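Peer 1: Structure provided below as structure tokens; questions to follow.
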Amino acid sequence: MSRPARSEVCLTLQSTANGLTVIGDGAKTRILVTQGGSLFRALGCSDCVISNLDIDWKTTNLTQGTIVSVDAASNTMTVTLDPGYAGLDAPIFSAGPRYTPRVSVLSPGRTTFSWMASYGVKSVTKSGANWQIGFDKPLPSQAASNVGKRFFVWGNQGSAWNPIVWISGVKNLTVANINDYAGGGFAGGDGSTGTITFDHVYCGPPPGTDRLGFYSGHQGHTRATVVMSHCAWVMSNDDDVNELNPLDYIREHPAPNVLIVRKSDDYQVGDRVSIWDWSDPQAIHVRATATVKSVRVTTSGLTQLELDRDVAVGKTGTGAGERGGEDRQLDGIDRLTDLTSGGAWKLYDSTFNAAFAHPLLIKTATGIDIERCHIYGSDMTGLESGMISYWNEGSQSCNIVLKNNVFYDNDGIGACLGIGAKHGNSTASHDQENIVVEGNLFVSGGSRPVWNYLMAPGLALRVSNGKHVSIKDNVFIDVPDTNISVYSSDDISIAGNVFLLAHNRKIDAGGHENDPGIDIGADIAIANSQNVRIGGNVDYLEGPFGTKTIAVGSSVTDIYGAGNGVATGKALLCDLDRRASSTTARVTAPTAGTYRLVILYANGATRGAPAFTVPATVLAVSVNGRQARPVAFEWNGVDSPDTPDLAAIVPITLKAGSNAIVIEGVGKNTRVDKAIVLL
């Protein structure tokens, strides 16, 4: 590509484009988006590649600045705008049927913005160098605390979301080596097969700039296997990744083996489907699973499915609507989900940071494999996997593998694997099968509650509605709430996990104090579950707000290790000389062997780094004169006031008795806060 392209010039890769490769010039030729619309449409093609592109806006579709004052009496804010951004009276901020401009305020110490601080704009008035904004609802009392904070306002979304590629009906598509600064991401995926690969793709504001807003992510639903490798999604205006597997109302049940649902092209002969009992919205669960024998469109334009067996169905109808929301959880109408239509998801060596909603929202029964990824700094749950009744999205997730990931400083829950019912997870379902959570690092957790009932603040890991679950060899650091919560599950093993500095902060229960699956002061909380085995876990340096290591709630049967499944371990804090570039700590080991060295950043480390990149600073560690493996610290742009910036776990070999541990690089550039040897 030798010259900039206009985004309304859409290149369509149709079925005749099989095997086509589109290669750009990368940063040499930046494509400037001038209006809404996808740059590429991949429609029915096979084995195509889109690569080596650099994409940005010609005119940025947002404005941003600083809040100068808040006047609750007049329900207004006075703000200043950053140079180079559009005035608040620009046409892109004109309200429409599906768009209301909103002031979104950055969360404390975050590069993401808060659901709890987002206000609808009613009027704008220019006043010298400032602007006065009037709001459509009375400002809450906490709005006064926003003075001095950064904010932005999105323009009309119709011209803001420019997917790099809209995908439909493809077989094997690769998108690689893309820098997308224009708020696009990827969309669609329906009817696709094979593998859709995203490799070395960055979606976020340009590194090194002060741009606050970005509309990114993958919003779509596909039967294909989706592979993301070495990608980064940063500061998304919604979910970074949302697998939109639908959950349909059962409209009619005209015969024992016949169901009628909304019109859809997605159901196919041979698909496995689940019928969900909605008679009790707090205890939704699978009534039956069947296979589709035939699919046809009725005269009224709905989809009729003939199944291979007779099935029971409760209440039928259309409910309050197909989309989602609080009232739709209560209608009692049975739902149908297609277990086959969602493909497997495989995410490796990627970063999902600072999402307005979820970094990862993936629901598929086919399989989820997430390894060596960083999920952090979000205003909602870091990973949510399982049916969400609020949005009518399914299905239940099965065959989940989470290995060697970092979940850091997410409000809500670090990782939540469950089935969302009214007021929490379902009390009756064990329909998420085969879950492995192993070798992950969970650091901190937000102390601020978020809007959704599923997202209590400060939890690290929650597994609900699961069957055959292994939670093994994970490390939990500085988690203020329950570290591991298990609810309404069967056949659970919790072994070899480490809890370090747990419950050092007191947090507000945030509305979940009556949730039977959560005990704020416990390392592990179990409720409404059976066949639970706990053993070989160790708690180091418990904080003052812990009340018990294992909390067993109601309706728990066949639990083993409730009394001794978490031992109290010994840990040594190493003295650090922060004035020098290296420090030596003397550690006495009871026996020779392999130990773990935990190194925590201090708050506010690595100043001056771009707020939405992940720079690495390599520290060298040696023990008794022998080099240990280098330690790569990753700062994620988060400077939360009450959490460390991140941590690293280093395996070290000690001899019995005195040992000298030397850590190189503890000066002002890295600001290491603590080094702890777990004995």
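Identifiers for the structure tokens are assigned positionally: chains receive A, B, ... in sequence, residues are indexed from 1 per chain, and ligands are indexed from 1 in the order shown.
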Could you write out, as a PyMOL selection string, all the residues of range 478-616 of chain A that DSSP marks as strand (DSSP E or B)?
Peer 2: chain A and resi 484-487+490-495+498-500+522-527+530-535+537-540+548-552+557-560+566-568+571-573+582-589+593-601+616
Peer 1: Write out as a VMD selection string each polymer residue whose atoms come within 9 Å of Phe214 in chain A, counting only C-alpha atoms; drop sequence neighbours fewer than 6 positions from it.
Peer 2: chain A and resid 62 154 160 181 to 184 203 to 205 234 to 237
Peer 1: Extract, using only C-alpha atoms, all DNA, RNA and protein residues at most 12 Å from Ser300 in chain A, discarding same-chain residues fewer than 5 positions from it, and format them as an MDAnalysis selection string.
Peer 2: chainID A and resid 251 260:263
Peer 1: Quick one: pull the distance between CA of Val666 in chain A and CA of Leu654 in chain A, Å, one decimal.
Peer 2: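 Computing the Euclidean distance for CA of Val666 in chain A and CA of Leu654 in chain A yields 21.3 Å.
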Peer 1: Choose the residue, out of A:Ile388, A:Ser622, A:Asp481, A:Leu541, that has the smallest atom-to-atom separation from Thr653 in chain A; count only C-alpha atoms.
Peer 2: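 Smallest separation from Thr653 in chain A among the options: A:Ser622.
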Peer 1: Give me the residues within 8 Å of Arg150 in chain A as a ChimeraX atom specification, counting only C-alpha atoms and dropping any in the same chain fewer than 2 places off.
Peer 2: /A:64-67,105-106,148,152
Peer 1: Quick one: residues within 7 Å of His200 in chain A, only C-alpha atoms, excluding same-chain residues fewer than 3 positions away - as a list in words?
Peer 2: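 With the cut-off at 7 Å, the set is Ala176, Asn177, Ile178, Ser229, His230 and Cys231 of chain A.
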Peer 1: List the neighbours of range 282-294 of chain A out to 8 Å using only C-alpha atoms; skip same-chain residues closer than 3 positions along the sequence, and give me the result as a ChimeraX atom specification.
Peer 2: /A:268-279,305-309,311-313,421-431
Peer 1: Out of A:Asn399, A:Gln432, A:Asn474, A:Ser389, which residue has the shortest atom-to-atom distance to Gly420 in chain A when counting only C-alpha atoms?
Peer 2: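 Among the listed residues, the smallest separation from Gly420 in chain A belongs to A:Ser389.
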Peer 1: Taking into account only C-alpha atoms, which residue in the set A:Ile661, A:Cys10, A:Ala144, A:Ile599 is nearest to Thr583 in chain A?
Peer 2: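 Under the stated criterion, the closest residue is A:Ile661.
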Peer 1: Considering only C-alpha atoms, can you say which of A:Asn245, A:Thr366, A:Asn410, A:Thr316 comes closest to Gly394 in chain A?
Peer 2: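 So, comparing all the options, the nearest one is A:Asn245.
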Peer 1: I need the residues of range 39-143 of chain A that end up classed as helix (DSSP H, G or I) by DSSP on the backbone, written out as a VMD selection string.
Peer 2: chain A and resid 91 to 93 141 to 143
Peer 1: Quote the spacing between CA of Ile400 in chain A and CA of Phe198 in chain A in Å to one decimal place.
Peer 2: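 Between CA of Ile400 in chain A and CA of Phe198 in chain A the gap works out to 20.2 Å.
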Peer 1: Which residue out of A:Val258, A:Ala527, A:Ala143, A:Val79 has the minimum interatomic distance to Val295 in chain A when only C-alpha atoms are used?
Peer 2: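 Under the stated criterion, the closest residue is A:Val258.
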